[in-house]
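K.L.:
A single structure is presented below for examination.
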Amino acid sequence: MSLVIQEHLRARLITDGPEPRLVPVRLSCDPAAPQTVRVRIPGTAELAIGREVLEGGLRSPVTSGELRLWPCGRAQLVVELHTFDGVAVFQFDNAPVLRFLRRTYGRTAARPVAGTATTSRP
């Protein structure tokens with residue numbers, strides 16, 4: 001049994017109105033499938049994105065299917081979602097995204113299988 005890693009955060013939905021609207025978002029990753037991050041945004045289907053795509057979007061523009069990600073300064077990530085209904089643009093603070101990514105790597109790091117011999121060098 002694996003425990004799913006989750007991070008609850010808020011994103012700003014960018015609109016043509018005077019103020020962005022805050023929306024709750026859930027990032028999750030199952031250690032049994034560590035290369036896939038699930039993104040749950042209210043009003044949309046749950047999105048599956050490669051962990052390396054999410055991480056790459058923090059440093060440079062990345063496109064994956066209907067998603068486009070790019071850094072916005074040093075502290076924010078922009079996620080643009082293209083659907084049949086139109087385009088939605090969300091802005092995330094980097095800190096909770098980085099915290100989530102660190103947790104996924106920490107929980108999915110290669111571990112020796114019980115009962116196998118390991119050797120170490122002095």
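Note on naming: chains are A, B, ... as they come in the structure tokens, residues start from 1 per chain, ligands start from 1 in the order shown.
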Please return as an MDAnalysis selection string: the residues of chain A that backbone DSSP assigns to strand (DSSP E).
P.N.:
chainID A and resid 5:14 21:29 36:40 47:50 62:64 67:72 76:83 86:93
K.L.:
Within 9 Å of Cys72 (chain A), counting only C-alpha atoms, which residues qualify if same-chain residues fewer than 5 places away don't, as a ChimeraX atom specification?
P.N.:
/A:58,77-78,91
K.L.:
Kindly save the residues from that selection, with C-alpha atoms included, as a PDB file, in the first residue's frame.
P.N.:
```pdb
ATOM      1  CA  LEU A  58       9.656  26.413 -13.017  1.00  0.00           C
ATOM      2  CA  LEU A  77       4.771  29.676 -12.183  1.00  0.00           C
ATOM      3  CA  VAL A  78       2.145  30.256 -14.861  1.00  0.00           C
ATOM      4  CA  GLN A  91      -0.541  31.667 -11.511  1.00  0.00           C
TER       5      GLN A  91
END
```
K.L.:
Quick one: of A:Glu80, A:Glu52, A:Gly73, A:Thr44, who's nearest to Asp93 (chain A), counting only C-alpha atoms?
P.N.:
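Result for the nearest residue to Asp93 (chain A): A:Gly73.
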K.L.:
Taking a cut-off of 10 Å and counting only C-alpha atoms, can you build a table that, for each residue of region 78-111 of chain A near region 23-28 of chain A, reports the nearest atom pair and how far apart they are in Å (one decimal), sorted by chain then residue number, as a Markdown table?
P.N.:
```
| residue | atom | partner | partner_atom | distance |
| --- | --- | --- | --- | --- |
| A:Phe90 | CA | A:Val23 | CA | 8.9 |
| A:Phe92 | CA | A:Val25 | CA | 9.6 |
| A:Pro96 | CA | A:Leu27 | CA | 9.7 |
| A:Val97 | CA | A:Leu27 | CA | 8.3 |
| A:Phe100 | CA | A:Leu27 | CA | 7.6 |
| A:Leu101 | CA | A:Leu27 | CA | 9.6 |
| A:Thr104 | CA | A:Ser28 | CA | 8.9 |
```
K.L.:
Extract the full set of alpha helix (DSSP H) residues from chain A according to DSSP on the backbone, and format it as number ranges by chain.
P.N.:
A: 51-57, 94-108
